[in-house]
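Next comes coords_16.pdb, with PDB, C-alpha atoms.
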ATOM      1  CA  MET F1036      50.021 -27.103  -9.127  1.00  0.00           C
ATOM      2  CA  ALA F1037      48.687 -24.175  -7.201  1.00  0.00           C
ATOM      3  CA  ARG F1038      45.305 -24.404  -5.577  1.00  0.00           C
ATOM      4  CA  ILE F1039      42.286 -23.212  -7.489  1.00  0.00           C
ATOM      5  CA  THR F1040      40.112 -20.661  -5.679  1.00  0.00           C
ATOM      6  CA  VAL F1041      36.593 -19.372  -6.141  1.00  0.00           C
ATOM      7  CA  GLU F1042      38.029 -15.892  -6.667  1.00  0.00           C
ATOM      8  CA  ASP F1043      40.074 -17.178  -9.619  1.00  0.00           C
ATOM      9  CA  CYS F1044      36.889 -18.510 -11.206  1.00  0.00           C
ATOM     10  CA  LEU F1045      34.785 -15.434 -10.404  1.00  0.00           C
ATOM     11  CA  ARG F1046      37.079 -13.336 -12.587  1.00  0.00           C
ATOM     12  CA  LYS F1047      35.694 -15.306 -15.534  1.00  0.00           C
ATOM     13  CA  VAL F1048      32.081 -15.900 -14.396  1.00  0.00           C
ATOM     14  CA  GLU F1049      29.366 -13.384 -13.595  1.00  0.00           C
ATOM     15  CA  SER F1050      28.292 -14.667 -10.167  1.00  0.00           C
ATOM     16  CA  ARG F1051      28.781 -17.443  -7.648  1.00  0.00           C
ATOM     17  CA  PHE F1052      25.464 -18.952  -8.726  1.00  0.00           C
ATOM     18  CA  ALA F1053      26.566 -19.151 -12.363  1.00  0.00           C
ATOM     19  CA  LEU F1054      29.861 -20.641 -11.192  1.00  0.00           C
ATOM     20  CA  VAL F1055      28.115 -23.438  -9.303  1.00  0.00           C
ATOM     21  CA  ILE F1056      25.906 -24.340 -12.252  1.00  0.00           C
ATOM     22  CA  LEU F1057      28.721 -24.128 -14.782  1.00  0.00           C
ATOM     23  CA  GLY F1058      31.126 -26.113 -12.600  1.00  0.00           C
ATOM     24  CA  ALA F1059      28.574 -28.851 -11.929  1.00  0.00           C
ATOM     25  CA  LYS F1060      27.612 -29.209 -15.596  1.00  0.00           C
ATOM     26  CA  ARG F1061      31.226 -29.325 -16.739  1.00  0.00           C
ATOM     27  CA  ALA F1062      32.188 -31.817 -14.011  1.00  0.00           C
ATOM     28  CA  LYS F1063      29.359 -34.108 -15.126  1.00  0.00           C
ATOM     29  CA  MET F1064      30.603 -33.870 -18.696  1.00  0.00           C
ATOM     30  CA  LEU F1065      34.118 -34.800 -17.575  1.00  0.00           C
ATOM     31  CA  MET F1066      32.787 -37.756 -15.585  1.00  0.00           C
ATOM     32  CA  ARG F1067      31.056 -39.029 -18.735  1.00  0.00           C
ATOM     33  CA  GLY F1068      34.403 -39.087 -20.540  1.00  0.00           C
ATOM     34  CA  VAL F1069      34.666 -35.751 -22.332  1.00  0.00           C
ATOM     35  CA  ARG F1070      38.278 -34.744 -22.941  1.00  0.00           C
ATOM     36  CA  PRO F1071      39.535 -32.131 -20.415  1.00  0.00           C
ATOM     37  CA  LEU F1072      40.575 -28.770 -21.862  1.00  0.00           C
ATOM     38  CA  VAL F1073      43.261 -28.235 -19.194  1.00  0.00           C
ATOM     39  CA  ASP F1074      45.952 -30.807 -18.450  1.00  0.00           C
ATOM     40  CA  THR F1075      45.570 -31.901 -14.792  1.00  0.00           C
ATOM     41  CA  ASP F1076      45.361 -35.127 -12.816  1.00  0.00           C
ATOM     42  CA  ASN F1077      42.617 -34.015 -10.437  1.00  0.00           C
ATOM     43  CA  ARG F1078      39.042 -35.037  -9.770  1.00  0.00           C
ATOM     44  CA  PRO F1079      36.434 -33.891 -12.321  1.00  0.00           C
ATOM     45  CA  ILE F1080      35.141 -30.963 -10.226  1.00  0.00           C
ATOM     46  CA  VAL F1081      38.652 -29.588  -9.761  1.00  0.00           C
ATOM     47  CA  ASN F1082      39.331 -29.999 -13.483  1.00  0.00           C
ATOM     48  CA  ALA F1083      36.090 -28.153 -14.227  1.00  0.00           C
ATOM     49  CA  LEU F1084      37.057 -25.261 -11.939  1.00  0.00           C
ATOM     50  CA  ARG F1085      40.533 -25.110 -13.480  1.00  0.00           C
ATOM     51  CA  GLU F1086      38.970 -24.912 -16.944  1.00  0.00           C
ATOM     52  CA  ILE F1087      36.675 -22.098 -15.823  1.00  0.00           C
ATOM     53  CA  ALA F1088      39.546 -20.143 -14.239  1.00  0.00           C
ATOM     54  CA  ALA F1089      41.597 -20.592 -17.425  1.00  0.00           C
ATOM     55  CA  GLY F1090      38.736 -19.153 -19.498  1.00  0.00           C
ATOM     56  CA  GLU F1091      38.326 -22.380 -21.458  1.00  0.00           C
ATOM     57  CA  VAL F1092      34.722 -22.935 -20.313  1.00  0.00           C
ATOM     58  CA  TYR F1093      32.084 -20.234 -19.956  1.00  0.00           C
ATOM     59  CA  TYR F1094      28.334 -19.862 -19.778  1.00  0.00           C
ATOM     60  CA  GLY F1095      26.735 -18.452 -22.922  1.00  0.00           C
ATOM     61  CA  TYR F1096      23.357 -16.781 -22.657  1.00  0.00           C
ATOM     62  CA  GLY F1097      20.801 -17.443 -25.383  1.00  0.00           C
ATOM     63  CA  GLN F1098      18.805 -14.578 -26.880  1.00  0.00           C
ATOM     64  CA  GLU F1099      15.792 -15.113 -24.615  1.00  0.00           C
ATOM     65  CA  GLU F1100      17.926 -15.549 -21.506  1.00  0.00           C
ATOM     66  CA  GLU F1101      19.928 -12.441 -22.389  1.00  0.00           C
ATOM     67  CA  ALA F1102      16.711 -10.437 -22.792  1.00  0.00           C
ATOM     68  CA  ALA F1103      15.440 -11.678 -19.447  1.00  0.00           C
ATOM     69  CA  ARG F1104      18.747 -10.844 -17.781  1.00  0.00           C
ATOM     70  CA  VAL F1105      18.898  -7.318 -19.236  1.00  0.00           C
ATOM     71  CA  GLU F1106      15.279  -6.444 -18.485  1.00  0.00           C
ATOM     72  CA  GLY F1107      15.587  -7.491 -14.852  1.00  0.00           C
ATOM     73  CA  THR F1108      12.241  -7.860 -13.131  1.00  0.00           C
ATOM     74  CA  GLN F1109      10.109  -6.933 -16.140  1.00  0.00           C
ATOM     75  CA  VAL F1110       8.174  -9.910 -17.436  1.00  0.00           C
ATOM     76  CA  LYS F1111       7.191 -10.274 -21.075  1.00  0.00           C
ATOM     77  CA  LEU F1112       4.819 -12.843 -22.492  1.00  0.00           C
ATOM     78  CA  LEU F1113       6.411 -14.105 -25.678  1.00  0.00           C
ATOM     79  CA  GLU F1114       3.576 -16.363 -26.768  1.00  0.00           C
ATOM     80  CA  GLY F1115      -0.068 -16.636 -25.942  1.00  0.00           C
ATOM     81  CA  ASP F1116      -3.532 -15.319 -26.581  1.00  0.00           C
ATOM     82  CA  ASP F1117      -4.449 -11.679 -26.111  1.00  0.00           C
ATOM     83  CA  GLU F1118      -7.401 -12.891 -24.011  1.00  0.00           C
ATOM     84  CA  GLU F1119      -5.026 -14.601 -21.611  1.00  0.00           C
ATOM     85  CA  ILE F1120      -3.026 -11.390 -21.274  1.00  0.00           C
ATOM     86  CA  LYS F1121      -6.191  -9.387 -20.540  1.00  0.00           C
ATOM     87  CA  GLU F1122      -7.207 -11.847 -17.846  1.00  0.00           C
ATOM     88  CA  VAL F1123      -3.831 -11.534 -16.176  1.00  0.00           C
ATOM     89  CA  GLN F1124      -3.949  -7.729 -16.297  1.00  0.00           C
ATOM     90  CA  GLU F1125      -7.436  -7.533 -14.752  1.00  0.00           C
TER      91      GLU F1125
END
Could you rewrite the structure in this file as structure tokens?
Amino acid sequence: MARITVEDCLRKVESRFALVILGAKRAKMLMRGVRPLVDTDNRPIVNALREIAAGEVYYGYGQEEEAARVEGTQVKLLEGDDEEIKEVQE
């Protein structure tokens, strides 16, 4: 099989940071015995990267994470007392 490269994986993942997290989590799953989605005889981390490059594994953002990602540096308090918000603003 051809070598897997970071560039192959970055076509499917947003950033190198997301790639590291996704690859590590998937490799840990494979080490625990989860069935691989791509047929290879490699170590778990290589299998995880091959799955990412094939588009079989991806990182899904939840609603709150998506809102935080879209809004950038703006911070919203989702829960809490109005008094706490006033103290922070002062």
Enter the distance from CA of Gly1095 (chain F) to CA of Asp1074 (chain F), in Å, rounded to one decimal.
->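 We find that CA of Gly1095 (chain F) and CA of Asp1074 (chain F) lie 23.3 Å from each other.
The list of residues with at least one atom within 9 Å of Leu1072 (chain F), based on all atoms listed in the file and without residues fewer than 4 positions apart in the same chain, reads Asn1082, Ala1083, Glu1086, Glu1091 and Val1092 of chain F.
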Given the selection you just returned, output its residues as a file containing C-alpha atoms, formatted as a compact mmCIF listing (two decimals), in the frame of the given file.
# COMPACT_ATOMS: atom_id res chain seq x y z
CA ASN F 1082 39.33 -30.00 -13.48
CA ALA F 1083 36.09 -28.15 -14.23
CA GLU F 1086 38.97 -24.91 -16.94
CA GLU F 1091 38.33 -22.38 -21.46
CA VAL F 1092 34.72 -22.94 -20.31
Find the residues with any atom within 9 Å of (42.3, -18.5, -16.1); use all atoms listed in the file and the coordinates as given in the file, and write the answer as a list in words.
-> Asp1043, Cys1044, Arg1046, Lys1047, Arg1085, Glu1086, Ile1087, Ala1088, Ala1089, Gly1090 and Glu1091 of chain F
Could you jot down the CA of Phe1052 (chain F) to CA of Tyr1094 (chain F) separation for me, Å, one decimal place?
->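 Going from CA of Phe1052 (chain F) over to CA of Tyr1094 (chain F) covers 11.5 Å.
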On this structure, which residues satisfy the PyMOL selection byres ((chain F and resi 1062-1069) around 7), written as number ranges by chain?
-> F: 1058-1061, 1070-1071, 1079-1080, 1083
Between CA of Ser1050 (chain F) and CA of Ala1037 (chain F), what is the spacing in Å?
->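 A separation of 22.7 Å between them.
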